[in-house]
Amino acid sequence: MLFDFIIKAILAAFFLGGVLNLAGLLTWVERKQSAVMQDRIGANRARIEFKSWFLAPINWVLAPLNALGLFHSLADAAKMFLKEDFMPKGADKFLHTAAPVISVVFALLAFSAIPFGNVLYLKNHAINLQIADINAGILFVFAMMSLGVYGVILAGFASNSNYAYLGGMRAASQMLSYEITMGISIMGIVLHYGTMNLQDIVRHQSTHWGFMVQPLAFLLFMTAALAETKRVPFDLPEGESEVIGYFVEYSGMKFGMFFLTDLVETVLVACLVTTFFFGGWQVPFLAPDGFHMPWGAFYLVPSKLIAVLGILSFMFKVAFFNWLFMAIRWTLPRFRYDQLMHLGWKILFPLSLLNTLITSIIVVLRK
Amino acid sequence: MANITIDGKQVTVKDGITIIEAIDQVKTELPRYCYHPGLSIAGNCRICQVEVEKMPRTVIACNTRVAEGMVIHTQSAKAKESQQVVLEFLLANHPLDCPVCDQAGECKLQDYYMDYGLYDSKFNEQKVKKTKKAVSIGPTIMLDQERCILCSRCVRFGDEITKTHDFGIFNRGDHAELNIYPGQELNNKYSGNVADICPVGALTDKDFRFKMRVWYLGSQESVCPGCSRGCNIKVEYEKSRPYHLKNERVMRLKPRENMDVNKWWMCDEGRYAYKSIDQNRIQKLISKENGVSSEISWQKALEKIAGLLKNAKPSSWAVLASPQYTNEELHLKKKLFKDQLKWTHIAFYAPGQEGSEDNFLIKKDKNPNSAGAAQILNLNGAADMTPVIEKAKRGELEGLIIFGHDLEKIYGAETLKLIRQKVKTIIYEGTNNNPTSAVADMVLPGVSYAEKEGTFTNFEGRVQRIRKAVEPIPGTLPTWDFLLNLSGLLGLSYKALRPEHIFEDLAKDNQAFQDLNYKKIGHQGMVWNKK
Amino acid sequence: MATKLMKRQELSFWDRTYLPSIGLGLWITSRHFFYNLMIHALHTVGLFKHIRGSVTYQYPEEQRPLSKRLRSRHRLTKREDGAPRCVACMMCETVCPARCINIVAKENPDPNIEKMPASFDLDLGMCVFCGFCVEVCPEDAIRMDTHILDIAAYSREGMKLDMQKLLNPTTSPSDPNRN
């Protein structure tokens with residue numbers, strides 16, 4: 001019992017650390033990727049250097065990191081922590097403080113149901129590489145994402161500012177609208193695999209990944225999930241050029257937490273898309289005993305290596321989707337609010353219903 | 001009378017006048033350099049070409065007399081071409097000096113080039129260099145022979161107006177140049193006028209030289225306060241470049257045409273007397289108490305003076321009014337000191353201050369409003385200040401209010417010292433610092449004629465307006481405003497907001513000013529009703 | 001005014017899904033991304049240095065090549081003897097839309113020049129760099145060809161240039177004595 005507990009704690013720490021670091025790294029990725037996409041160089045002026053000669057070797061190590069501008073993320077964090085934590089006059093102190101915490105906590109909780117690897121066998125112990133093996137994992141993830149709306153609404157509500165309130169309402173209606181599409185579009189996957197357990201869903205994708213059997217659902221889910229992250233082209237709650245969003249009255253690390261939530265959600269959405277449609281930790285042609293190539297070749301692989309390959313595969317896919325989301329964020333312009341609602345309710349929602357219907361018919365007929 | 005047609009307009013003009021006079025009567029534009037209504041006709045610049053129907057060639061308008069049935073075109077193609085060709089010749093030897101020329105901006109060559117010239121240069125030849133450039137030819141005028149177009153206006157001015165025969169045109173043809181006679185210098189009382197009448201930058205004013213470009217100047221009509229002639233002038237002041245010459249606002253005075261007073265001219269004495277507007281001004285209201293002088297506010301000063309005057313015995317105080325002040329201000333003085341306070345010692349005439357006089361413009365009375373002061377204050381021959389001064393010297397006066405007079409200049413330093421010892425309170429109101437203001441118990445800063453509205457009455461009873469050109473220096477108050485406030489404190493309920501209102505009251509009050517008002521006085525002034 | 005009715009272009013089915021356009025957009029941005037990434041990667045190993053991976057300049061270390069016609073900080077040109085060419089005609093002061101030029105004129109001892117500036121003050125804090133002063137100058141006395149761009153000062157007074165500074169512009173930004 002204690003052993004299981006320790007194992008879970010290690011897994012949680014491993015995953016959470018990975019997610020948070022990735023989210024932090026995304027601020028750097030965002031800067032650099034947009035810069036390279038736009039023929040620029042990007043932020044590269046934050047640097048750490050030591051003056052004394054005996055620390056020169058460290059400088060030598062730091063030099064490439066300096067050149068890449070990696071320390072901008074650190075500088076950002078330092079700035080966030082050092083800035084004045086401003087509370088507007090008439091704001092609800094408790095809710096104002098609670099809102100960003102709620103946002104970030106629920107976004108992080110959702111990760112606990114996501115499997116990032118297959119079962120790892122370690123000295124007679126079968127360790128499921130998943131923090132919480134919930135048999136209705138999809139529902140749990142969706143529940144956590146829905147609760148994230150509270151953070152946004154409370155932020156708008158507790159700030160005692162019309163602009164923040166407007167931003168909060170926009171964010172809430174946007175998230176609710178797209179959550180419905182998201183939930184229904186994923187029904188296709190659930191019907192097809194007949195389970196709500198995320199680990200099982202991933203295992204079912206050993207040969208055919210989700211996007212091959214449910215291409216429409218993949219598109220719908222990805223669009224809705226992007227909208228869920230509230231980033232360009234769906235950044236209306238933030239709407240920098242007009243309402244300035246639900247966190248307009250936030251500063252310092254509280255603002256930083258909202259900012260972090262956005263990036264954590266991006267990672268989360270990348271994880272979900274990977275899990276549902278891109279085979280999670282599955283490696284192409286890799287069965288639990290080794291590679292079965294389509295031309296008949298077979299390479300034996302030790303089971304521990306297979307588990308590691310699975311984790312790497314999962315990480316690679318998540319990284320790819322993060323890159324793709326960034327590329328989309330820096331390619332497309334923002335929607336107008338009526339276009340957003342039109343897309344959500346009149347296009348994505350009916351299409352997701354249709355997708356569910358057709359999938360249901362096929363599933364029933366196959367039986 | 002002759003019936004003629006100018007540019008399609010039928011007009012009837014007097015017989016025997018020239019075409020250019022007829023054209024000026026109908027206010028049509030026609031270029032001219034040598035023609036000046038105040039001078040004889042020379043007809044040597046040739047620019048005023050007009051086309052007269054049935055004449056083979058264009059003629060010069062300044063030297064052709066009108067005849068019955070003449071049809072004149074000033075803007076026809078033929079006339080315009082003639083004007084352009086003449087202009088081209090006039091500019092043949094003219095240097096491209098405009099950047100350094102003070103005349104630029106009010107230069108007729110520039111103006112007419114833009115209006116009538118606009119040709120491309122056809123000259124390959126070198127311009128003929130004249131000998132003198134930027135040479136001082138007298139205390140007021142600089143000569144630049146290169147810029148001269150030989151219109152001979154200045155020559156005729158010296159010959160006909162001042163009779164001093166200063167200028168001549170020497171040599172012939174291309175080499176003709178304007179100069180003063182050898183060994184002489186241009187030094188007469190009206191020399192500044194040649195810079196005004198010079199249509200180009202050949203004769204420029206030394207005093208104004210390089211001070212400011214003319215397009216930065218604002219202009220306001222006024223009347224010269226230099227003598228009782230009351231020459232009509234324009235006060236030209238900087239309007240937008242205060243950093244150019246710090247603390248100097250009025251840049252120059254120019255004569256304004258008034259056929260009944262000064263025609264087109266003014267004397268040098270008046271022309272260069274504007275400096276007192278910006279120099280040595282009293283800017284602070286100073287009050288001396290027990291030998292300690294301190295700056296106080298107008299409100300406090302008015303209350304203090306009102307307190308003094310309320311308790312004053314009418315026979316123990318005296319007021320020295322001044323003919324340097326406007327009719328309106330003198331009227332207020334009369335109202336307050338004579339009618340309300342019933343003071344007996346009122347005088348304005350300063351003896352022994354006459355200056356030179358000639359039979360043209362300059363009068364020996366150097367006050368602009370002596371006639372007005374005598375009429376308004378109505379002192380029956382008791383205008384002379386000397387009896388009051390004598391009384392003060394004997395110590396029979398308790399207080400003395402002096403408007404603008406410098407007693408040291410009139411009666412000498414000894415007298416001023418004696419008065420200072422004998423008279424308990426001396427209140428001085430004026431614009432500039434002088435020995436009298438230095439010893440006064442209270443010094444009230446007034447404003448100069450360029451900073452206030454009002455009227456002056458010249459020696460022949462012509463009432464003429466002065467207008468505000470520049471804002472008063474902060475801290476100073478126009479005398480009429482000060483007197484109005486003081487009257488209010490002394491129980492004289494007098495309703496007026498502007499000098500115009502005071503003048504209306506004056507017109508009601510005084511026979512001589514009856515039926516006059518600011519509108520009637522207008523730009524050229526009006527003679528009063530005194531018979 | 002005549003009204004012209006423009007018919008809105010009908011969108012096809014694929015247009016309305018936005019997917020082809022999104023794909024095209026992503027294609028363009030990704031192409032730039034990978035191309036530039038490759039160039040940057042090659043630069044780190046010292047290859048293809050002549051191809052730029054970005055269009056931006058790393059400013060203080062890397063100066064941008066400036067056009068000859070660029071309007072930069074003003075200077076006053078000199079005669080052979082070092083006196084300013086300016087004759088204080090005040091054309092620049094008159095034309096200046098920002099009123100940043102103040103000239104006070106004085107007499108030049110040479111009667112053929114006649115006039116010269118006693119002081120020529122230019123407030124760079126007010127200047128809008130329109131170049132009208134250069135255009136209007138009849139003597140070619142003021143130019144904006146110093147290529148000094150990094151104009152900054154700690155006070156408003158520091159932004160003001162007098163005649164000496166205008167006559168002797170220092171061109172090197174690293175010069176500590178530059179004005």
# chains A, B, ... in the order shown; residues from 1 in each chain; ligands from 1
call {"tool": "residues_around", "arguments": {"residues": "stretch 252-267 of chain A", "least_positions_apart": "3", "cutoff": "8 Å", "atoms": "only C-alpha atoms", "output": "number ranges by chain"}}
result
A: 19-20, 22-24, 26-27, 77, 79-86, 97, 100-101, 103-104, 107-108, 226, 228-231, 247, 270-271, 318, 322, 325
call {"tool": "write_last_selection", "arguments": {"atoms": "C-alpha atoms", "output": "PDB file, in the first residue's frame"}}
result
ATOM      1  CA  VAL A  19       3.935  19.657 -17.568  1.00  0.00           C
ATOM      2  CA  LEU A  20       4.895  22.752 -15.618  1.00  0.00           C
ATOM      3  CA  LEU A  22       6.828  22.453 -20.590  1.00  0.00           C
ATOM      4  CA  ALA A  23       4.375  25.249 -19.886  1.00  0.00           C
ATOM      5  CA  GLY A  24       7.249  27.467 -18.785  1.00  0.00           C
ATOM      6  CA  LEU A  26       6.236  27.356 -23.987  1.00  0.00           C
ATOM      7  CA  THR A  27       6.719  31.048 -23.199  1.00  0.00           C
ATOM      8  CA  ALA A  77       9.062  34.584 -13.742  1.00  0.00           C
ATOM      9  CA  LYS A  79       9.355  39.864 -12.988  1.00  0.00           C
ATOM     10  CA  MET A  80       6.016  38.249 -12.170  1.00  0.00           C
ATOM     11  CA  PHE A  81       7.104  37.532  -8.612  1.00  0.00           C
ATOM     12  CA  LEU A  82       8.597  40.932  -7.995  1.00  0.00           C
ATOM     13  CA  LYS A  83       5.772  43.015  -9.388  1.00  0.00           C
ATOM     14  CA  GLU A  84       3.275  44.647  -7.097  1.00  0.00           C
ATOM     15  CA  ASP A  85       0.306  42.451  -6.383  1.00  0.00           C
ATOM     16  CA  PHE A  86      -2.400  44.974  -7.054  1.00  0.00           C
ATOM     17  CA  THR A  97      -7.096  35.669  -5.000  1.00  0.00           C
ATOM     18  CA  PRO A 100      -6.276  32.226 -10.590  1.00  0.00           C
ATOM     19  CA  VAL A 101      -5.647  29.367  -8.154  1.00  0.00           C
ATOM     20  CA  SER A 103      -7.930  28.104 -12.869  1.00  0.00           C
ATOM     21  CA  VAL A 104      -4.498  26.616 -12.588  1.00  0.00           C
ATOM     22  CA  ALA A 107      -6.110  22.626 -15.359  1.00  0.00           C
ATOM     23  CA  LEU A 108      -3.354  20.653 -13.634  1.00  0.00           C
ATOM     24  CA  LEU A 226      -8.104  25.214 -29.204  1.00  0.00           C
ATOM     25  CA  GLU A 228     -10.923  26.015 -24.904  1.00  0.00           C
ATOM     26  CA  THR A 229      -7.372  27.288 -24.418  1.00  0.00           C
ATOM     27  CA  LYS A 230      -8.531  30.869 -25.127  1.00  0.00           C
ATOM     28  CA  ARG A 231      -5.564  31.602 -27.329  1.00  0.00           C
ATOM     29  CA  PHE A 247      -7.623  39.361 -15.956  1.00  0.00           C
ATOM     30  CA  ALA A 270      -2.065  18.519 -26.814  1.00  0.00           C
ATOM     31  CA  CYS A 271      -2.098  15.571 -24.399  1.00  0.00           C
ATOM     32  CA  VAL A 318       2.679  16.253 -27.251  1.00  0.00           C
ATOM     33  CA  ASN A 322       2.270  22.126 -29.009  1.00  0.00           C
ATOM     34  CA  PHE A 325      -0.925  24.954 -31.854  1.00  0.00           C
TER      35      PHE A 325
END
call {"tool": "residues_around", "arguments": {"residues": "stretch 120-132 of chain A", "least_positions_apart": "4", "cutoff": "8 Å", "atoms": "only C-alpha atoms", "output": "number ranges by chain"}}
result
A: 7-8, 11-12, 112-116, 199, 303-304, 307
call {"tool": "residues_around", "arguments": {"residues": "B:Ala321", "least_positions_apart": "6", "cutoff": "8 Å", "atoms": "only C-alpha atoms", "output": "list in words"}}
result
Leu330, Lys333, Ile346, Ala347, Phe348, Ile402, Phe403 and Gly404 of chain B
call {"tool": "interface_residues", "arguments": {"of": "chain A", "to": "chain C", "cutoff": "12 Å", "atoms": "only C-alpha atoms", "output": "ChimeraX atom specification"}}
result
/A:32-45,64,67-68,219-220,223,233,323-333,343,347-348,351
call {"tool": "closest_residue", "arguments": {"among": "B:Cys48, B:Val292, B:Val100, B:Met526", "to": "chain C", "atoms": "only C-alpha atoms"}}
result
B:Val100
call {"tool": "atom_distance", "arguments": {"atom1": "atom CA of A:Met144", "atom2": "atom CA of A:Val269"}}
result
12.5 Å
call {"tool": "interface_residues", "arguments": {"of": "chain C", "to": "chain B", "cutoff": "10 Å", "atoms": "only C-alpha atoms", "output": "MDAnalysis selection string"}}
result
chainID C and resid 86:91 93:94 99 102:107 110:117 137:139
call {"tool": "residues_around", "arguments": {"residues": "stretch 147-152 of chain B", "least_positions_apart": "4", "cutoff": "9 Å", "atoms": "only C-alpha atoms", "output": "PyMOL selection string"}}
result
chain B and resi 33-35+42-45+90-91+93-97+133+143+156-157+167-169+176-178+198-203
call {"tool": "atom_distance", "arguments": {"atom1": "atom CA of B:Ile60", "atom2": "atom CA of B:Ile47"}}
result
7.3 Å
call {"tool": "select_by_dssp", "arguments": {"residues": "stretch 22-178 of chain C", "states": "helix (DSSP H, G or I)", "output": "ChimeraX atom specification"}}
result
/C:22-44,91-95,132-136,157-159,163-167
call {"tool": "residues_around", "arguments": {"residues": "B:Tyr181", "least_positions_apart": "6", "cutoff": "12 Å", "atoms": "only C-alpha atoms", "output": "ChimeraX atom specification"}}
result
/B:137,155,158,164-170
call {"tool": "write_last_selection", "arguments": {"atoms": "C-alpha atoms", "output": "mmCIF file, in the first residue's frame"}}
result
data_model
loop_
_atom_site.group_PDB
_atom_site.id
_atom_site.type_symbol
_atom_site.label_atom_id
_atom_site.label_comp_id
_atom_site.auth_asym_id
_atom_site.auth_seq_id
_atom_site.Cartn_x
_atom_site.Cartn_y
_atom_site.Cartn_z
ATOM 1 C CA ILE B 137 24.440 106.699 -45.623
ATOM 2 C CA VAL B 155 15.315 111.438 -55.085
ATOM 3 C CA GLY B 158 14.375 114.737 -50.994
ATOM 4 C CA THR B 164 17.084 118.634 -48.655
ATOM 5 C CA HIS B 165 18.118 117.229 -52.070
ATOM 6 C CA ASP B 166 19.925 114.242 -50.643
ATOM 7 C CA PHE B 167 19.847 111.696 -53.443
ATOM 8 C CA GLY B 168 20.856 111.631 -57.034
ATOM 9 C CA ILE B 169 21.195 109.046 -59.787
ATOM 10 C CA PHE B 170 24.685 108.988 -61.187
#
call {"tool": "residues_around", "arguments": {"residues": "B:Glu221", "least_positions_apart": "2", "cutoff": "9 Å", "atoms": "only C-alpha atoms", "output": "count of residues only"}}
result
14
call {"tool": "residues_around", "arguments": {"residues": "A:Ile362", "least_positions_apart": "5", "cutoff": "12 Å", "atoms": "only C-alpha atoms", "output": "ChimeraX atom specification"}}
result
/A:188,191-192,213-214,355-357,367
call {"tool": "write_last_selection", "arguments": {"atoms": "N, CA and C atoms", "output": "PDB file, in the first residue's frame"}}
result
ATOM      1  N   GLY A 188     -17.729   9.964 -30.432  1.00  0.00           N
ATOM      2  CA  GLY A 188     -17.390   9.030 -31.513  1.00  0.00           C
ATOM      3  C   GLY A 188     -16.320   8.045 -31.070  1.00  0.00           C
ATOM      4  N   LEU A 191     -17.704   5.668 -28.449  1.00  0.00           N
ATOM      5  CA  LEU A 191     -18.551   4.630 -29.047  1.00  0.00           C
ATOM      6  C   LEU A 191     -17.689   3.602 -29.774  1.00  0.00           C
ATOM      7  N   HIS A 192     -16.700   4.106 -30.455  1.00  0.00           N
ATOM      8  CA  HIS A 192     -15.897   3.210 -31.266  1.00  0.00           C
ATOM      9  C   HIS A 192     -15.098   2.238 -30.418  1.00  0.00           C
ATOM     10  N   VAL A 213      -9.814   6.544 -37.717  1.00  0.00           N
ATOM     11  CA  VAL A 213     -11.197   6.052 -37.673  1.00  0.00           C
ATOM     12  C   VAL A 213     -12.178   7.200 -37.448  1.00  0.00           C
ATOM     13  N   GLN A 214     -11.733   8.268 -36.860  1.00  0.00           N
ATOM     14  CA  GLN A 214     -12.654   9.369 -36.565  1.00  0.00           C
ATOM     15  C   GLN A 214     -12.043  10.691 -37.064  1.00  0.00           C
ATOM     16  N   ASN A 355     -21.618  13.337 -36.496  1.00  0.00           N
ATOM     17  CA  ASN A 355     -20.528  12.375 -36.344  1.00  0.00           C
ATOM     18  C   ASN A 355     -20.916  11.284 -35.346  1.00  0.00           C
ATOM     19  N   THR A 356     -21.513  11.699 -34.237  1.00  0.00           N
ATOM     20  CA  THR A 356     -21.948  10.722 -33.231  1.00  0.00           C
ATOM     21  C   THR A 356     -22.992   9.777 -33.815  1.00  0.00           C
ATOM     22  N   LEU A 357     -23.936  10.363 -34.556  1.00  0.00           N
ATOM     23  CA  LEU A 357     -25.010   9.561 -35.145  1.00  0.00           C
ATOM     24  C   LEU A 357     -24.443   8.505 -36.085  1.00  0.00           C
ATOM     25  N   LYS A 367     -22.178  -4.793 -35.103  1.00  0.00           N
ATOM     26  CA  LYS A 367     -22.470  -5.819 -34.124  1.00  0.00           C
ATOM     27  C   LYS A 367     -23.374  -6.866 -34.748  1.00  0.00           C
TER      28      LYS A 367
END
call {"tool": "atom_distance", "arguments": {"atom1": "atom CA of B:Lys338", "atom2": "atom CA of B:Pro478"}}
result
20.5 Å
call {"tool": "select_by_dssp", "arguments": {"residues": "stretch 104-269 of chain A", "states": "strand (DSSP E or B)", "output": "number ranges by chain"}}
result
A: 115-122, 125-130
call {"tool": "decode", "arguments": {"residues": "stretch 76-176 of chain C", "atoms": "C-alpha atoms", "output": "PDB file, in the first residue's frame"}}
result
ATOM      1  CA  LEU C  76      25.002  73.375 -40.462  1.00  0.00           C
ATOM      2  CA  THR C  77      27.407  73.495 -43.355  1.00  0.00           C
ATOM      3  CA  LYS C  78      30.468  75.720 -43.265  1.00  0.00           C
ATOM      4  CA  ARG C  79      32.217  78.111 -45.611  1.00  0.00           C
ATOM      5  CA  GLU C  80      35.883  77.591 -46.389  1.00  0.00           C
ATOM      6  CA  ASP C  81      36.882  79.704 -43.415  1.00  0.00           C
ATOM      7  CA  GLY C  82      34.731  77.646 -41.045  1.00  0.00           C
ATOM      8  CA  ALA C  83      31.973  80.207 -40.614  1.00  0.00           C
ATOM      9  CA  PRO C  84      28.435  78.922 -41.033  1.00  0.00           C
ATOM     10  CA  ARG C  85      26.981  79.178 -44.514  1.00  0.00           C
ATOM     11  CA  CYS C  86      23.720  80.227 -42.948  1.00  0.00           C
ATOM     12  CA  VAL C  87      22.665  83.807 -43.676  1.00  0.00           C
ATOM     13  CA  ALA C  88      19.856  83.824 -41.108  1.00  0.00           C
ATOM     14  CA  CYS C  89      17.149  84.291 -43.715  1.00  0.00           C
ATOM     15  CA  MET C  90      14.827  82.376 -41.377  1.00  0.00           C
ATOM     16  CA  MET C  91      13.237  80.380 -44.167  1.00  0.00           C
ATOM     17  CA  CYS C  92      13.706  77.174 -42.169  1.00  0.00           C
ATOM     18  CA  GLU C  93      12.332  78.806 -39.075  1.00  0.00           C
ATOM     19  CA  THR C  94       9.328  80.004 -41.042  1.00  0.00           C
ATOM     20  CA  VAL C  95       8.625  76.707 -42.751  1.00  0.00           C
ATOM     21  CA  CYS C  96       9.252  74.531 -39.692  1.00  0.00           C
ATOM     22  CA  PRO C  97       5.926  72.955 -38.772  1.00  0.00           C
ATOM     23  CA  ALA C  98       7.144  72.111 -35.279  1.00  0.00           C
ATOM     24  CA  ARG C  99       8.701  75.519 -34.667  1.00  0.00           C
ATOM     25  CA  CYS C 100      11.846  73.928 -33.345  1.00  0.00           C
ATOM     26  CA  ILE C 101      14.297  76.358 -34.940  1.00  0.00           C
ATOM     27  CA  ASN C 102      15.156  79.706 -33.334  1.00  0.00           C
ATOM     28  CA  ILE C 103      17.500  82.007 -35.175  1.00  0.00           C
ATOM     29  CA  VAL C 104      18.770  85.403 -34.124  1.00  0.00           C
ATOM     30  CA  ALA C 105      20.434  87.352 -36.900  1.00  0.00           C
ATOM     31  CA  LYS C 106      23.366  89.712 -36.809  1.00  0.00           C
ATOM     32  CA  GLU C 107      25.471  91.755 -39.184  1.00  0.00           C
ATOM     33  CA  ASN C 108      28.185  89.943 -41.105  1.00  0.00           C
ATOM     34  CA  PRO C 109      31.334  92.064 -41.473  1.00  0.00           C
ATOM     35  CA  ASP C 110      31.550  91.051 -45.134  1.00  0.00           C
ATOM     36  CA  PRO C 111      29.053  93.276 -46.996  1.00  0.00           C
ATOM     37  CA  ASN C 112      28.733  90.681 -49.740  1.00  0.00           C
ATOM     38  CA  ILE C 113      27.301  88.218 -47.224  1.00  0.00           C
ATOM     39  CA  GLU C 114      25.705  90.881 -45.040  1.00  0.00           C
ATOM     40  CA  LYS C 115      23.838  88.690 -42.615  1.00  0.00           C
ATOM     41  CA  MET C 116      24.711  85.762 -40.379  1.00  0.00           C
ATOM     42  CA  PRO C 117      23.180  84.005 -37.416  1.00  0.00           C
ATOM     43  CA  ALA C 118      24.103  85.262 -33.981  1.00  0.00           C
ATOM     44  CA  SER C 119      22.553  82.113 -32.598  1.00  0.00           C
ATOM     45  CA  PHE C 120      20.960  79.121 -34.238  1.00  0.00           C
ATOM     46  CA  ASP C 121      19.097  76.891 -31.821  1.00  0.00           C
ATOM     47  CA  LEU C 122      17.359  73.713 -32.800  1.00  0.00           C
ATOM     48  CA  ASP C 123      15.270  71.717 -30.362  1.00  0.00           C
ATOM     49  CA  LEU C 124      15.433  68.068 -31.369  1.00  0.00           C
ATOM     50  CA  GLY C 125      12.795  67.325 -28.771  1.00  0.00           C
ATOM     51  CA  MET C 126      10.342  69.260 -30.897  1.00  0.00           C
ATOM     52  CA  CYS C 127      11.695  68.419 -34.358  1.00  0.00           C
ATOM     53  CA  VAL C 128       9.507  66.129 -36.450  1.00  0.00           C
ATOM     54  CA  PHE C 129      12.278  65.347 -38.975  1.00  0.00           C
ATOM     55  CA  CYS C 130      10.166  66.431 -41.916  1.00  0.00           C
ATOM     56  CA  GLY C 131      13.203  67.855 -43.731  1.00  0.00           C
ATOM     57  CA  PHE C 132      11.400  71.006 -44.817  1.00  0.00           C
ATOM     58  CA  CYS C 133      14.244  73.111 -43.432  1.00  0.00           C
ATOM     59  CA  VAL C 134      16.694  71.359 -45.733  1.00  0.00           C
ATOM     60  CA  GLU C 135      14.378  71.680 -48.674  1.00  0.00           C
ATOM     61  CA  VAL C 136      13.696  75.367 -48.169  1.00  0.00           C
ATOM     62  CA  CYS C 137      17.255  76.519 -47.442  1.00  0.00           C
ATOM     63  CA  PRO C 138      18.447  78.792 -50.274  1.00  0.00           C
ATOM     64  CA  GLU C 139      22.086  78.518 -49.188  1.00  0.00           C
ATOM     65  CA  ASP C 140      22.416  74.754 -48.641  1.00  0.00           C
ATOM     66  CA  ALA C 141      23.319  75.731 -45.102  1.00  0.00           C
ATOM     67  CA  ILE C 142      21.361  73.096 -43.228  1.00  0.00           C
ATOM     68  CA  ARG C 143      21.483  69.410 -44.012  1.00  0.00           C
ATOM     69  CA  MET C 144      20.177  66.273 -42.409  1.00  0.00           C
ATOM     70  CA  ASP C 145      22.873  63.893 -43.585  1.00  0.00           C
ATOM     71  CA  THR C 146      24.864  63.198 -40.430  1.00  0.00           C
ATOM     72  CA  HIS C 147      23.353  59.703 -40.084  1.00  0.00           C
ATOM     73  CA  ILE C 148      23.119  60.270 -36.368  1.00  0.00           C
ATOM     74  CA  LEU C 149      19.980  58.496 -35.270  1.00  0.00           C
ATOM     75  CA  ASP C 150      20.418  57.626 -31.621  1.00  0.00           C
ATOM     76  CA  ILE C 151      19.375  61.009 -30.322  1.00  0.00           C
ATOM     77  CA  ALA C 152      18.659  60.836 -26.634  1.00  0.00           C
ATOM     78  CA  ALA C 153      19.219  62.990 -23.603  1.00  0.00           C
ATOM     79  CA  TYR C 154      18.403  62.952 -19.933  1.00  0.00           C
ATOM     80  CA  SER C 155      16.651  66.310 -20.015  1.00  0.00           C
ATOM     81  CA  ARG C 156      14.735  68.524 -22.367  1.00  0.00           C
ATOM     82  CA  GLU C 157      17.617  70.951 -22.310  1.00  0.00           C
ATOM     83  CA  GLY C 158      19.884  68.174 -23.518  1.00  0.00           C
ATOM     84  CA  MET C 159      17.825  67.848 -26.682  1.00  0.00           C
ATOM     85  CA  LYS C 160      18.573  71.410 -27.693  1.00  0.00           C
ATOM     86  CA  LEU C 161      21.373  72.027 -30.138  1.00  0.00           C
ATOM     87  CA  ASP C 162      23.147  75.339 -30.422  1.00  0.00           C
ATOM     88  CA  MET C 163      25.140  76.591 -33.375  1.00  0.00           C
ATOM     89  CA  GLN C 164      28.406  75.005 -32.221  1.00  0.00           C
ATOM     90  CA  LYS C 165      26.848  71.574 -31.929  1.00  0.00           C
ATOM     91  CA  LEU C 166      25.142  71.943 -35.267  1.00  0.00           C
ATOM     92  CA  LEU C 167      28.338  72.993 -36.976  1.00  0.00           C
ATOM     93  CA  ASN C 168      30.394  70.153 -35.509  1.00  0.00           C
ATOM     94  CA  PRO C 169      28.341  66.986 -35.468  1.00  0.00           C
ATOM     95  CA  THR C 170      30.207  63.925 -34.243  1.00  0.00           C
ATOM     96  CA  THR C 171      29.349  60.945 -36.332  1.00  0.00           C
ATOM     97  CA  SER C 172      30.417  58.019 -34.213  1.00  0.00           C
ATOM     98  CA  PRO C 173      27.765  56.860 -31.758  1.00  0.00           C
ATOM     99  CA  SER C 174      30.451  55.408 -29.521  1.00  0.00           C
ATOM    100  CA  ASP C 175      32.141  58.769 -29.083  1.00  0.00           C
ATOM    101  CA  PRO C 176      31.519  59.713 -25.447  1.00  0.00           C
TER     102      PRO C 176
END
